[in-house]
Structures are given as structure tokens and as C-alpha cells.
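Pasting my_file-v7.cif here (mmCIF, C-alpha atoms and all ligand atoms):
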```cif
data_model
#
loop_
_atom_site.group_PDB
_atom_site.id
_atom_site.type_symbol
_atom_site.label_atom_id
_atom_site.label_comp_id
_atom_site.auth_asym_id
_atom_site.auth_seq_id
_atom_site.Cartn_x
_atom_site.Cartn_y
_atom_site.Cartn_z
ATOM 1 C CA MET A 23 21.577 -21.627 2.217
ATOM 2 C CA PRO A 24 19.013 -20.505 4.797
ATOM 3 C CA VAL A 25 19.505 -16.875 5.879
ATOM 4 C CA GLN A 26 19.184 -15.576 9.436
ATOM 5 C CA LEU A 27 17.447 -12.191 9.356
ATOM 6 C CA GLU A 28 16.608 -9.478 11.827
ATOM 7 C CA PHE A 29 13.230 -7.966 11.109
ATOM 8 C CA ALA A 30 10.731 -5.469 12.461
ATOM 9 C CA LYS A 31 6.978 -5.906 12.321
ATOM 10 C CA GLY A 32 4.908 -2.814 11.678
ATOM 11 C CA HIS A 33 1.502 -1.689 10.537
ATOM 12 C CA GLY A 34 -0.474 1.322 9.368
ATOM 13 C CA THR A 35 -4.217 0.996 10.043
ATOM 14 C CA MET A 36 -3.567 -2.747 10.348
ATOM 15 C CA ASN A 37 -2.112 -3.138 6.869
ATOM 16 C CA ASP A 38 0.909 -5.029 8.194
ATOM 17 C CA PHE A 39 4.467 -5.483 7.029
ATOM 18 C CA VAL A 40 7.678 -7.317 7.751
ATOM 19 C CA VAL A 41 10.354 -4.613 7.544
ATOM 20 C CA LEU A 42 13.960 -5.449 6.688
ATOM 21 C CA SER A 43 17.032 -3.251 6.809
ATOM 22 C CA ASP A 44 19.493 -4.014 4.007
ATOM 23 C CA PRO A 45 22.078 -1.198 3.976
ATOM 24 C CA ASP A 46 24.532 -3.096 1.767
ATOM 25 C CA GLY A 47 22.002 -4.508 -0.703
ATOM 26 C CA SER A 48 22.901 -8.080 0.233
ATOM 27 C CA PHE A 49 19.431 -9.602 0.740
ATOM 28 C CA ASP A 50 17.093 -9.404 -2.237
ATOM 29 C CA PRO A 51 14.400 -11.892 -1.156
ATOM 30 C CA SER A 52 13.064 -14.384 -3.688
ATOM 31 C CA PRO A 53 9.262 -14.644 -4.113
ATOM 32 C CA ALA A 54 9.368 -17.877 -2.064
ATOM 33 C CA GLN A 55 11.210 -16.122 0.770
ATOM 34 C CA VAL A 56 8.658 -13.276 0.736
ATOM 35 C CA ARG A 57 5.811 -15.805 0.885
ATOM 36 C CA PHE A 58 7.520 -17.465 3.850
ATOM 37 C CA LEU A 59 7.971 -14.189 5.745
ATOM 38 C CA CYS A 60 4.321 -13.235 5.119
ATOM 39 C CA ASP A 61 2.889 -16.637 5.992
ATOM 40 C CA ARG A 62 0.695 -16.137 9.086
ATOM 41 C CA ARG A 63 1.207 -19.734 10.243
ATOM 42 C CA ALA A 64 4.713 -20.778 9.212
ATOM 43 C CA GLY A 65 6.441 -17.373 9.066
ATOM 44 C CA VAL A 66 6.007 -13.950 10.677
ATOM 45 C CA GLY A 67 2.747 -13.064 8.923
ATOM 46 C CA ALA A 68 2.067 -9.871 6.984
ATOM 47 C CA ASP A 69 0.375 -8.343 3.943
ATOM 48 C CA GLY A 70 3.771 -7.481 2.491
ATOM 49 C CA VAL A 71 7.503 -6.975 2.954
ATOM 50 C CA LEU A 72 9.268 -3.608 3.008
ATOM 51 C CA ARG A 73 13.029 -3.749 2.418
ATOM 52 C CA ALA A 74 15.004 -0.584 3.230
ATOM 53 C CA VAL A 75 17.867 -0.560 0.751
ATOM 54 C CA PRO A 76 19.974 2.291 -0.671
ATOM 55 C CA ALA A 77 18.499 3.204 -4.070
ATOM 56 C CA ARG A 78 21.856 2.662 -5.822
ATOM 57 C CA PHE A 79 21.302 -1.109 -5.471
ATOM 58 C CA ILE A 80 17.982 -0.995 -7.390
ATOM 59 C CA GLU A 81 18.375 -1.950 -11.038
ATOM 60 C CA GLY A 82 17.023 0.739 -13.349
ATOM 61 C CA TRP A 83 16.806 3.423 -10.613
ATOM 62 C CA ALA A 84 17.650 6.738 -12.297
ATOM 63 C CA GLY A 85 17.102 9.019 -9.303
ATOM 64 C CA LYS A 86 19.415 10.024 -6.465
ATOM 65 C CA PRO A 87 21.472 6.968 -5.479
ATOM 66 C CA GLU A 88 21.712 7.954 -1.806
ATOM 67 C CA LEU A 89 17.958 7.802 -1.113
ATOM 68 C CA TRP A 90 16.493 4.996 0.936
ATOM 69 C CA PHE A 91 14.425 2.868 -1.425
ATOM 70 C CA MET A 92 11.238 1.167 -0.225
ATOM 71 C CA ASP A 93 11.457 -2.199 -1.970
ATOM 72 C CA TYR A 94 7.864 -3.406 -1.531
ATOM 73 C CA ARG A 95 6.659 -6.987 -2.128
ATOM 74 C CA ASN A 96 3.127 -8.339 -1.826
ATOM 75 C CA ALA A 97 2.444 -11.379 0.368
ATOM 76 C CA ASP A 98 2.269 -13.629 -2.729
ATOM 77 C CA GLY A 99 5.864 -12.647 -3.588
ATOM 78 C CA SER A 100 4.985 -10.221 -6.404
ATOM 79 C CA LEU A 101 6.490 -6.742 -6.753
ATOM 80 C CA ALA A 102 4.291 -3.649 -6.534
ATOM 81 C CA GLU A 103 5.168 -0.117 -7.513
ATOM 82 C CA MET A 104 3.870 1.598 -4.395
ATOM 83 C CA CYS A 105 2.331 1.113 -0.983
ATOM 84 C CA GLY A 106 0.819 4.113 0.804
ATOM 85 C CA ASN A 107 0.532 2.602 4.277
ATOM 86 C CA GLY A 108 3.955 1.098 3.686
ATOM 87 C CA VAL A 109 5.556 4.530 3.169
ATOM 88 C CA ARG A 110 4.354 5.684 6.595
ATOM 89 C CA VAL A 111 5.593 2.511 8.311
ATOM 90 C CA PHE A 112 8.859 2.752 6.344
ATOM 91 C CA LEU A 113 9.477 6.295 7.600
ATOM 92 C CA VAL A 114 8.789 5.316 11.213
ATOM 93 C CA PHE A 115 11.172 2.367 10.764
ATOM 94 C CA LEU A 116 13.936 4.536 9.216
ATOM 95 C CA LYS A 117 13.895 6.807 12.255
ATOM 96 C CA ALA A 118 13.602 4.025 14.861
ATOM 97 C CA ALA A 119 16.475 2.123 13.229
ATOM 98 C CA GLY A 120 18.690 5.231 13.113
ATOM 99 C CA LEU A 121 18.818 5.181 9.303
ATOM 100 C CA VAL A 122 17.823 8.863 9.198
ATOM 101 C CA PRO A 123 18.669 11.542 11.804
ATOM 102 C CA ALA A 124 16.414 11.486 14.868
ATOM 103 C CA ASP A 125 15.423 15.151 14.428
ATOM 104 C CA VAL A 126 14.617 15.041 10.695
ATOM 105 C CA GLU A 127 11.124 16.342 9.835
ATOM 106 C CA SER A 128 10.713 15.030 6.262
ATOM 107 C CA VAL A 129 12.298 12.199 4.305
ATOM 108 C CA THR A 130 12.309 11.637 0.545
ATOM 109 C CA ILE A 131 12.387 7.975 -0.410
ATOM 110 C CA GLY A 132 12.540 6.049 -3.670
ATOM 111 C CA THR A 133 9.795 3.655 -4.754
ATOM 112 C CA ARG A 134 9.102 1.882 -8.041
ATOM 113 C CA ALA A 135 6.541 4.654 -8.718
ATOM 114 C CA GLY A 136 9.183 7.375 -8.219
ATOM 115 C CA VAL A 137 10.037 9.471 -5.185
ATOM 116 C CA ARG A 138 7.616 10.030 -2.328
ATOM 117 C CA ILE A 139 8.031 12.557 0.486
ATOM 118 C CA GLY A 140 6.888 11.828 4.015
ATOM 119 C CA THR A 141 6.642 14.317 6.874
ATOM 120 C CA TYR A 142 6.527 13.173 10.507
ATOM 121 C CA LEU A 143 3.471 14.666 12.191
ATOM 122 C CA PRO A 144 3.958 16.266 15.641
ATOM 123 C CA ALA A 145 1.109 14.216 17.145
ATOM 124 C CA GLY A 146 2.422 10.947 15.625
ATOM 125 C CA GLY A 147 1.882 9.377 12.238
ATOM 126 C CA VAL A 148 3.131 10.542 8.872
ATOM 127 C CA ARG A 149 1.788 12.697 6.004
ATOM 128 C CA VAL A 150 2.929 11.512 2.589
ATOM 129 C CA TRP A 151 2.983 13.303 -0.747
ATOM 130 C CA MET A 152 1.489 10.597 -2.932
ATOM 131 C CA GLY A 153 2.146 12.076 -6.375
ATOM 132 C CA ARG A 154 -0.539 13.017 -8.886
ATOM 133 C CA PRO A 155 -3.240 10.341 -9.256
ATOM 134 C CA ALA A 156 -4.573 9.790 -12.785
ATOM 135 C CA VAL A 157 -8.348 9.201 -12.749
ATOM 136 C CA GLU A 158 -10.161 7.659 -15.725
ATOM 137 C CA GLU A 159 -13.812 7.928 -16.691
ATOM 138 C CA PRO A 160 -15.949 5.040 -15.278
ATOM 139 C CA ALA A 161 -15.357 2.689 -18.194
ATOM 140 C CA VAL A 162 -14.699 -0.659 -16.533
ATOM 141 C CA GLU A 163 -17.082 -2.966 -14.697
ATOM 142 C CA VAL A 164 -16.307 -4.839 -11.501
ATOM 143 C CA SER A 165 -18.359 -7.791 -10.265
ATOM 144 C CA VAL A 166 -18.666 -9.519 -6.917
ATOM 145 C CA GLY A 167 -20.990 -12.505 -7.065
ATOM 146 C CA SER A 168 -24.072 -11.455 -9.025
ATOM 147 C CA HIS A 169 -23.525 -7.690 -8.486
ATOM 148 C CA THR A 170 -21.780 -5.484 -11.011
ATOM 149 C CA TRP A 171 -20.713 -1.835 -10.721
ATOM 150 C CA ARG A 172 -19.105 0.672 -13.045
ATOM 151 C CA ALA A 173 -15.658 1.554 -11.769
ATOM 152 C CA ARG A 174 -13.087 4.250 -12.372
ATOM 153 C CA ALA A 175 -9.525 3.153 -13.024
ATOM 154 C CA VAL A 176 -7.139 5.263 -10.932
ATOM 155 C CA ASP A 177 -3.364 5.164 -11.191
ATOM 156 C CA VAL A 178 -1.654 6.093 -7.925
ATOM 157 C CA GLY A 179 1.664 4.698 -9.122
ATOM 158 C CA ASN A 180 -0.002 1.313 -8.811
ATOM 159 C CA PRO A 181 -3.331 0.347 -10.438
ATOM 160 C CA HIS A 182 -6.755 0.657 -8.794
ATOM 161 C CA ALA A 183 -10.418 0.348 -9.777
ATOM 162 C CA VAL A 184 -12.926 2.120 -7.535
ATOM 163 C CA SER A 185 -16.630 1.208 -7.349
ATOM 164 C CA VAL A 186 -19.258 3.112 -5.353
ATOM 165 C CA VAL A 187 -21.653 0.690 -3.663
ATOM 166 C CA ASP A 188 -24.440 1.159 -1.147
ATOM 167 C CA ALA A 189 -23.739 0.881 2.573
ATOM 168 C CA ASP A 190 -25.480 -2.475 3.135
ATOM 169 C CA ARG A 191 -23.764 -3.999 0.142
ATOM 170 C CA LEU A 192 -20.370 -2.782 1.374
ATOM 171 C CA ARG A 193 -20.884 -4.592 4.680
ATOM 172 C CA SER A 194 -21.943 -7.865 3.091
ATOM 173 C CA LEU A 195 -19.543 -8.041 0.128
ATOM 174 C CA ASP A 196 -17.801 -11.388 -0.106
ATOM 175 C CA LEU A 197 -14.175 -10.470 -0.726
ATOM 176 C CA THR A 198 -12.793 -13.897 0.104
ATOM 177 C CA ARG A 199 -12.319 -14.381 -3.642
ATOM 178 C CA MET A 200 -10.906 -11.993 -6.219
ATOM 179 C CA PRO A 201 -13.649 -9.890 -7.839
ATOM 180 C CA ALA A 202 -13.895 -10.040 -11.648
ATOM 181 C CA TRP A 203 -13.488 -7.069 -13.990
ATOM 182 C CA SER A 204 -14.512 -6.370 -17.541
ATOM 183 C CA PRO A 205 -13.131 -5.948 -20.122
ATOM 184 C CA SER A 206 -10.795 -8.661 -18.898
ATOM 185 C CA ASP A 207 -7.769 -7.010 -20.541
ATOM 186 C CA ALA A 208 -8.396 -3.657 -18.778
ATOM 187 C CA PHE A 209 -5.619 -4.297 -16.248
ATOM 188 C CA ALA A 210 -2.860 -6.315 -17.863
ATOM 189 C CA ASN A 211 -0.817 -6.336 -14.634
ATOM 190 C CA GLY A 212 -3.728 -6.909 -12.273
ATOM 191 C CA VAL A 213 -5.447 -4.307 -10.128
ATOM 192 C CA ASN A 214 -6.387 -3.390 -6.570
ATOM 193 C CA LEU A 215 -10.179 -3.191 -6.203
ATOM 194 C CA GLU A 216 -11.767 -0.647 -3.853
ATOM 195 C CA PHE A 217 -15.441 -0.546 -2.853
ATOM 196 C CA ILE A 218 -16.597 2.672 -1.227
ATOM 197 C CA THR A 219 -19.684 4.284 0.187
ATOM 198 C CA PRO A 220 -20.082 7.878 1.478
ATOM 199 C CA VAL A 221 -20.857 7.990 5.219
ATOM 200 C CA GLY A 222 -20.969 11.713 5.915
ATOM 201 C CA ALA A 223 -19.763 15.023 4.586
ATOM 202 C CA ASN A 224 -16.313 14.261 3.196
ATOM 203 C CA GLU A 225 -16.162 10.822 4.793
ATOM 204 C CA LEU A 226 -15.948 7.532 2.950
ATOM 205 C CA ARG A 227 -16.014 3.938 4.106
ATOM 206 C CA MET A 228 -13.903 1.523 2.063
ATOM 207 C CA ARG A 229 -13.120 -2.149 1.705
ATOM 208 C CA VAL A 230 -10.394 -3.377 -0.593
ATOM 209 C CA PHE A 231 -9.232 -6.505 -2.359
ATOM 210 C CA GLU A 232 -5.517 -6.019 -2.914
ATOM 211 C CA ARG A 233 -3.605 -7.419 -5.854
ATOM 212 C CA GLY A 234 -1.140 -9.997 -4.579
ATOM 213 C CA VAL A 235 -2.709 -10.210 -1.114
ATOM 214 C CA GLY A 236 -6.522 -10.519 -0.919
ATOM 215 C CA GLU A 237 -8.815 -8.507 1.326
ATOM 216 C CA THR A 238 -6.737 -6.370 3.702
ATOM 217 C CA PHE A 239 -7.679 -4.115 6.619
ATOM 218 C CA SER A 240 -6.436 -1.068 4.746
ATOM 219 C CA CYS A 241 -4.695 0.113 1.589
ATOM 220 C CA GLY A 242 -3.177 3.601 1.541
ATOM 221 C CA THR A 243 -2.912 3.955 -2.226
ATOM 222 C CA GLY A 244 -6.457 2.533 -2.325
ATOM 223 C CA THR A 245 -7.755 5.320 -0.071
ATOM 224 C CA VAL A 246 -6.129 7.907 -2.350
ATOM 225 C CA ALA A 247 -7.684 6.192 -5.383
ATOM 226 C CA ALA A 248 -11.069 6.133 -3.600
ATOM 227 C CA ALA A 249 -10.931 9.841 -2.698
ATOM 228 C CA SER A 250 -9.766 10.773 -6.215
ATOM 229 C CA ALA A 251 -12.538 8.767 -7.892
ATOM 230 C CA PHE A 252 -15.225 10.090 -5.541
ATOM 231 C CA ALA A 253 -14.041 13.686 -6.073
ATOM 232 C CA ALA A 254 -14.095 13.150 -9.857
ATOM 233 C CA ASP A 255 -17.668 11.793 -9.609
ATOM 234 C CA HIS A 256 -18.640 15.098 -7.967
ATOM 235 C CA GLY A 257 -16.613 17.358 -10.267
ATOM 236 C CA GLU A 258 -14.256 18.337 -7.460
ATOM 237 C CA THR A 259 -10.520 18.816 -7.773
ATOM 238 C CA GLU A 260 -9.779 20.316 -4.341
ATOM 239 C CA ALA A 261 -11.146 18.139 -1.566
ATOM 240 C CA GLU A 262 -10.340 16.440 1.710
ATOM 241 C CA TYR A 263 -11.752 13.127 2.899
ATOM 242 C CA VAL A 264 -11.469 10.943 5.951
ATOM 243 C CA VAL A 265 -11.497 7.372 4.690
ATOM 244 C CA HIS A 266 -12.578 4.695 7.169
ATOM 245 C CA VAL A 267 -11.237 1.211 6.562
ATOM 246 C CA PRO A 268 -11.603 -1.929 8.696
ATOM 247 C CA GLY A 269 -8.236 -1.175 10.360
ATOM 248 C CA GLY A 270 -8.838 2.500 11.207
ATOM 249 C CA SER A 271 -9.022 5.843 9.426
ATOM 250 C CA VAL A 272 -6.748 7.965 7.252
ATOM 251 C CA ARG A 273 -6.996 11.443 5.734
ATOM 252 C CA VAL A 274 -6.616 12.148 2.015
ATOM 253 C CA GLU A 275 -6.105 15.685 0.713
ATOM 254 C CA LEU A 276 -6.423 16.503 -2.993
ATOM 255 C CA ALA A 277 -4.932 19.834 -3.990
ATOM 256 C CA GLY A 278 -3.956 21.101 -7.436
ATOM 257 C CA GLY A 279 -3.675 17.569 -8.810
ATOM 258 C CA ASP A 280 -1.449 16.380 -5.942
ATOM 259 C CA ALA A 281 -2.578 13.917 -3.291
ATOM 260 C CA TYR A 282 -1.474 13.661 0.334
ATOM 261 C CA LEU A 283 -2.145 10.761 2.683
ATOM 262 C CA SER A 284 -1.947 11.127 6.482
ATOM 263 C CA GLY A 285 -2.356 8.372 9.013
ATOM 264 C CA PRO A 286 -0.843 6.355 11.827
ATOM 265 C CA ALA A 287 2.101 4.007 11.566
ATOM 266 C CA GLU A 288 3.943 1.979 14.142
ATOM 267 C CA ILE A 289 6.590 -0.642 14.642
ATOM 268 C CA VAL A 290 5.203 -3.176 17.115
ATOM 269 C CA TYR A 291 8.018 -5.696 17.572
ATOM 270 C CA HIS A 292 11.404 -6.923 16.427
ATOM 271 C CA GLY A 293 12.627 -10.449 15.900
ATOM 272 C CA THR A 294 15.052 -12.827 14.264
ATOM 273 C CA ILE A 295 14.021 -15.513 11.808
ATOM 274 C CA VAL A 296 15.762 -18.143 9.717
ATOM 275 C CA VAL A 297 14.474 -17.878 6.154
ATOM 276 C CA PRO A 298 14.716 -20.997 3.985
ATOM 277 C CA GLU A 299 16.195 -20.603 0.519
ATOM 278 C CA GLU A 300 13.333 -22.303 -1.275
ATOM 279 C CA GLU A 301 9.592 -22.840 -0.849
ATOM 280 C CA HIS A 302 8.989 -24.042 2.711
ATOM 281 C CA ARG A 303 5.956 -26.205 1.957
ATOM 282 C CA GLY A 304 6.505 -29.673 0.541
HETATM 283 N N1 LIG A 401 -1.358 -1.902 0.868
HETATM 284 C C1 LIG A 401 -0.706 -1.021 0.004
HETATM 285 C C2 LIG A 401 -0.676 -1.379 -1.457
HETATM 286 C C3 LIG A 401 0.246 -2.558 -1.696
HETATM 287 C C4 LIG A 401 0.454 -2.903 -3.156
HETATM 288 C C5 LIG A 401 -0.758 -3.450 -3.840
HETATM 289 N N2 LIG A 401 -1.208 -4.695 -3.267
HETATM 290 C C6 LIG A 401 -0.425 -3.647 -5.324
HETATM 291 O O1 LIG A 401 -0.133 -4.777 -5.747
HETATM 292 O O2 LIG A 401 -0.441 -2.639 -6.052
HETATM 293 C C7 LIG A 401 -1.022 0.433 0.266
HETATM 294 O O3 LIG A 401 -1.158 0.762 1.449
HETATM 295 O O4 LIG A 401 -1.038 1.238 -0.652
#
```

Structure encoded using C-alpha cells:
Amino acid sequence: MPVQLEFAKGHGTMNDFVVLSDPDGSFDPSPAQVRFLCDRRAGVGADGVLRAVPARFIEGWAGKPELWFMDYRNADGSLAEMCGNGVRVFLVFLKAAGLVPADVESVTIGTRAGVRIGTYLPAGGVRVWMGRPAVEEPAVEVSVGSHTWRARAVDVGNPHAVSVVDADRLRSLDLTRMPAWSPSDAFANGVNLEFITPVGANELRMRVFERGVGETFSCGTGTVAAASAFAADHGETEAEYVVHVPGGSVRVELAGGDAYLSGPAEIVYHGTIVVPEEEHRG
């Protein structure tokens, strides 16, 4: 049966999401329903879906059952462990929807990568504790067209591979198709691919090809991966970077092995949509 849903549309540095409130765990969208919601022509249009659901409804969740869980899906219907821009938008949504007290300063949420803690910033936006990224030596290769770079694999709860490229190349990269990586079995579950170039003291510019989406205007976990890889290249463990992406800028702090991501997030409209049960294209 088709389902009528209320939704919010939000974004963080133009990485955009359909946000759903599901307090009684009654709407677990199928991959086809996620694809419909994210379809920019036939549906709402977004890079992913964020479902706010109490963690007790998530199979396998071993943490506190009363937490709000950010159930994230990519636009192609696949599940991902984490979404950095999504956490900020999720926190803004929780407050706007009255799902957390209006005067709360920080919220701990569940994700498939574990808990994350977001703090509302006085000037707007959210700062998120992003866990402890695991950075590998540059042992994989990533290719776009005829160009190949060594890349570091970085685990930010979800998988990333970060390549440093020169500024002209960054501008002209063709990310309309998924870049290739080698060895081909390096990322059994796929990977998000970041391309970065330094643009000033502690400033990076980044483009990204996201697993399950394609090129997006921003990827929060990707910016944390980029900062972590760049810091590792320079033997730094304590560092702070502004990362510029096509959709804006975010700040990444690395301190004692922990990473923090700060940036804007907003809900831009609300709506109602009837979601078909099955694939909507014939
Ligand atoms: N845009 C997100 C990352 C979303 C998940 C990613 N595509 C994956 O499959 O791991 C972010 O802001 O981190």
C-alpha cells in the first residue's frame, strides 16, 4: 500500500536530505522507497534520507535504547554507517520537531557507527564529535580517467580514500562516473572518494564522489577523512582545518585522536508525499 508521509527537507553545505520522524518505528523504508524520495524529478530529491527513530527499534543496537537513532540511507537505497553533514541536519531537525527539549545544548544520537555527540553552536550550526578516525598508510591507488594517485584509506565509521591532487586537476576532474581503485578488493563494501588540494595555511579544497550517491556538494565524514589524511601526510596529530567544498565550508579539529566537525545545517521546508510501495519507474 502507498504510504502518506510528512517530511522535512534539510541540508548541510548543500549535502541534502529528506528527513523523516518515526517515533514508533513504523516506517522502515525499502530501498525502492528511498530511491523514490531522493529522486530529483519524480520524488522530493536528495542525496540521502535521515529517519529519526528511537534506537530500541534498530536491530542489533546494543547501546541506550532511548537515544534517537539517525537511520541514514544513500540516494541509491543503500545503508551507510555514518553521515557527518547528516548528523548536523538531524540535530537541527530534532530540535525544530520538538523531539528534544528546546533549551538542550548537546544531544547524543545513535548511528550505525556508534554514538555521536552534537553541540548546538550559539551562532548557528552544530559541532559534532566524530569519533576517532583510523588512517592507513597510502597503499591504495585511485584513478580518474588517465590520472592515478596514491590514496590513504580512512575509516570515519564509514570508508573513505583520500587523494591529494593539484589545484587545476581538482577543478577539472570528471566525477560524473565512479573513479576506479586498486587493488580492486581494497574496499569490499565500496568507498567514498575524496580529492583534496591545500589552498592556504590549514585550508583544504575538496571534491567527493560518494558511495551510493555520486558527486555531491559536500560530505562531512569526507572532510574529516581529508583532514585526517592530510595531517598524517605532514606528521601532525593535533590540527585544525577549514575544508572548502562546492556547497560551502566546514571546520575539522583533530585532537588527541578524536575528530570534531563544525558547520551549518538547516531545515528549509516541510511537505507531505505519497510514497509508492514498489519501484515507481516502469
Ligand atoms: N554525505 C555524508 C556521507 C553519507 C554516506 C556515504 N555516502 C557512504 O556511503 O558512506 C556525510 O556528510 O558524511

Find, counting all atoms listed in the file, the residue in A:Arg149, A:Arg62, A:Arg95, A:Arg172 that gets nearest to ligand LIG 401 (chain A).
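Among A:Arg149, A:Arg62, A:Arg95, A:Arg172, it is A:Arg95 that comes nearest to ligand LIG 401 (chain A).
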
Within 10 Å of ligand LIG 401 (chain A), counting all atoms listed in the file: which residues, as a ChimeraX atom specification?
/A:33-39,69-71,94-98,100-111,152,177-182,211-215,230-247

Expected selection from the PyMOL selection byres (((chain A and resi 59) around 9) and not hetatm), given as an MDAnalysis selection string
chainID A and resid 40 54:58 60:62 64:68 70:71 97 295 297

Go through A:Gly99, A:Gly132, A:Tyr291, A:Gly278 and flag the residue nearest Pro53 (chain A), using all atoms listed in the file for the distances.
A:Gly99

Could you expand the PyMOL selection byres (((chain A and resi 42) around 7) and not hetatm) into the explicit residues it covers here, written as a short mmCIF file (atom, residue, chain, number, x, y, z; two decimals) with C-alpha atoms, in the frame of the given file?
```cif
data_model
loop_
_atom_site.label_atom_id
_atom_site.label_comp_id
_atom_site.auth_asym_id
_atom_site.auth_seq_id
_atom_site.Cartn_x
_atom_site.Cartn_y
_atom_site.Cartn_z
CA PHE A 29 13.23 -7.97 11.11
CA ALA A 30 10.73 -5.47 12.46
CA VAL A 40 7.68 -7.32 7.75
CA VAL A 41 10.35 -4.61 7.54
CA SER A 43 17.03 -3.25 6.81
CA ASP A 44 19.49 -4.01 4.01
CA LEU A 72 9.27 -3.61 3.01
CA ARG A 73 13.03 -3.75 2.42
CA ALA A 74 15.00 -0.58 3.23
#
```

Using the chain letters and numbering of this document, enumerate as a short mmCIF file (atom, residue, chain, number, x, y, z; two decimals) with C-alpha atoms, keeping the file's coordinate frame the residues selected by the PyMOL selection byres (((chain A and resi 251-265) around 8) and not hetatm).
```cif
data_model
loop_
_atom_site.label_atom_id
_atom_site.label_comp_id
_atom_site.auth_asym_id
_atom_site.auth_seq_id
_atom_site.Cartn_x
_atom_site.Cartn_y
_atom_site.Cartn_z
CA VAL A 157 -8.35 9.20 -12.75
CA ARG A 174 -13.09 4.25 -12.37
CA VAL A 176 -7.14 5.26 -10.93
CA VAL A 184 -12.93 2.12 -7.54
CA ASN A 224 -16.31 14.26 3.20
CA GLU A 225 -16.16 10.82 4.79
CA LEU A 226 -15.95 7.53 2.95
CA ARG A 227 -16.01 3.94 4.11
CA MET A 228 -13.90 1.52 2.06
CA THR A 245 -7.76 5.32 -0.07
CA ALA A 247 -7.68 6.19 -5.38
CA ALA A 248 -11.07 6.13 -3.60
CA ALA A 249 -10.93 9.84 -2.70
CA SER A 250 -9.77 10.77 -6.22
CA HIS A 266 -12.58 4.70 7.17
CA VAL A 267 -11.24 1.21 6.56
CA SER A 271 -9.02 5.84 9.43
CA VAL A 272 -6.75 7.96 7.25
CA ARG A 273 -7.00 11.44 5.73
CA VAL A 274 -6.62 12.15 2.02
CA GLU A 275 -6.10 15.68 0.71
CA LEU A 276 -6.42 16.50 -2.99
CA ALA A 277 -4.93 19.83 -3.99
CA GLY A 278 -3.96 21.10 -7.44
CA GLY A 279 -3.68 17.57 -8.81
#
```

Which residue, A:Leu195, A:Ala183, A:Ala223, A:Ala145, has the smallest gap to Val166 (chain A) when you use only C-alpha atoms?
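For Val166 (chain A), the nearest of the given residues is A:Leu195.
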
Would you mind reading off the distance between CA of Trp203 (chain A) and CA of Ser165 (chain A), one decimal, in Å?
6.2 Å

Counting all atoms listed in the file, the option among A:Phe79, A:Leu143, A:Ser48, A:Phe115 closest to Ser128 (chain A)
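When distances to Ser128 (chain A) are compared using all atoms listed in the file, the smallest one comes from A:Leu143.
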
Just the number, please: distance in Å from CA of Thr170 (chain A) to CA of Pro220 (chain A), one decimal.
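Here the two named atoms are 18.4 Å from each other.
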
Grab the CA of Gly140 (chain A) to CA of Lys86 (chain A) distance for me, in Å with one decimal place.
16.4 Å

Determine the axis-aligned bounding box of all atoms of region 63-67 of chain A present in the file, pad each side by 3 Å, and express its centre and edge lengths in Å to one decimal place as lines of an AutoDock Vina configuration file.
```
center_x = 3.8
center_y = -16.9
center_z = 9.8
size_x = 11.2
size_y = 13.7
size_z = 7.8
```

Given only C-alpha atoms as the counted atoms, nearest of A:Val75, A:Ala175, A:Leu197, A:Val148 to Pro160 (chain A):
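Among the listed residues, A:Ala175 lies closest to Pro160 (chain A).
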
Which polymer residues, whether protein, DNA or RNA, lie within 8 Å of the coordinate (19.4, -21.0, 3.9) when you count only C-alpha atoms? List them as a ChimeraX atom specification, using the chain letters and numbers from the file.
/A:23-26,296-299

List every protein, DNA or RNA residue that has an atom no more than 6 Å from (1.2, 13.5, -4.9) in the file's coordinate frame, counting all atoms listed in the file, and report them as a PyMOL selection string.
chain A and resi 151-154+280-282

Can you tell me which residues surround Ala77 (chain A) at a distance of at most 12 Å, considering only C-alpha atoms, apart from same-chain residues fewer than 5 positions away, and format the answer as a list in words?
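These residues fall inside the cut-off: Asp44, Pro45, Asp46, Gly47, Gly82, Trp83, Ala84, Gly85, Lys86, Pro87, Glu88, Leu89, Trp90, Phe91, Met92, Asp93, Thr130, Ile131, Gly132, Thr133, Arg134, Gly136 and Val137 of chain A.
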
Find the residue from A:Ala156, A:Val114, A:Val122, A:Val221 that sits nearest to Val187 (chain A); use all atoms listed in the file when measuring.
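The closest residue to Val187 (chain A) is A:Val221.
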
Residue rebuild result region 91-102 of chain A, N, CA and C atoms as a PDB file, keeping the file's coordinate frame:
```pdb
ATOM      1  N   PHE A  91      15.427   3.373  -0.488  1.00  0.00           N
ATOM      2  CA  PHE A  91      14.425   2.868  -1.425  1.00  0.00           C
ATOM      3  C   PHE A  91      13.516   1.902  -0.675  1.00  0.00           C
ATOM      4  N   MET A  92      12.199   2.100  -0.829  1.00  0.00           N
ATOM      5  CA  MET A  92      11.238   1.167  -0.225  1.00  0.00           C
ATOM      6  C   MET A  92      10.947   0.072  -1.252  1.00  0.00           C
ATOM      7  N   ASP A  93      11.645  -1.050  -1.062  1.00  0.00           N
ATOM      8  CA  ASP A  93      11.457  -2.199  -1.970  1.00  0.00           C
ATOM      9  C   ASP A  93      10.282  -2.993  -1.421  1.00  0.00           C
ATOM     10  N   TYR A  94       9.099  -2.808  -2.049  1.00  0.00           N
ATOM     11  CA  TYR A  94       7.864  -3.406  -1.531  1.00  0.00           C
ATOM     12  C   TYR A  94       7.531  -4.706  -2.278  1.00  0.00           C
ATOM     13  N   ARG A  95       7.141  -5.720  -1.539  1.00  0.00           N
ATOM     14  CA  ARG A  95       6.659  -6.987  -2.128  1.00  0.00           C
ATOM     15  C   ARG A  95       5.319  -7.346  -1.492  1.00  0.00           C
ATOM     16  N   ASN A  96       4.400  -7.813  -2.322  1.00  0.00           N
ATOM     17  CA  ASN A  96       3.127  -8.339  -1.826  1.00  0.00           C
ATOM     18  C   ASN A  96       3.331  -9.715  -1.174  1.00  0.00           C
ATOM     19  N   ALA A  97       2.335 -10.109  -0.359  1.00  0.00           N
ATOM     20  CA  ALA A  97       2.444 -11.379   0.368  1.00  0.00           C
ATOM     21  C   ALA A  97       2.597 -12.587  -0.555  1.00  0.00           C
ATOM     22  N   ASP A  98       2.116 -12.491  -1.807  1.00  0.00           N
ATOM     23  CA  ASP A  98       2.269 -13.629  -2.729  1.00  0.00           C
ATOM     24  C   ASP A  98       3.636 -13.634  -3.405  1.00  0.00           C
ATOM     25  N   GLY A  99       4.507 -12.689  -3.037  1.00  0.00           N
ATOM     26  CA  GLY A  99       5.864 -12.647  -3.588  1.00  0.00           C
ATOM     27  C   GLY A  99       6.015 -11.691  -4.756  1.00  0.00           C
ATOM     28  N   SER A 100       4.895 -11.117  -5.238  1.00  0.00           N
ATOM     29  CA  SER A 100       4.985 -10.221  -6.404  1.00  0.00           C
ATOM     30  C   SER A 100       5.482  -8.835  -5.990  1.00  0.00           C
ATOM     31  N   LEU A 101       6.040  -8.117  -6.972  1.00  0.00           N
ATOM     32  CA  LEU A 101       6.490  -6.742  -6.753  1.00  0.00           C
ATOM     33  C   LEU A 101       5.311  -5.809  -6.952  1.00  0.00           C
ATOM     34  N   ALA A 102       5.254  -4.713  -6.204  1.00  0.00           N
ATOM     35  CA  ALA A 102       4.291  -3.649  -6.534  1.00  0.00           C
ATOM     36  C   ALA A 102       5.050  -2.336  -6.553  1.00  0.00           C
TER      37      ALA A 102
END
```
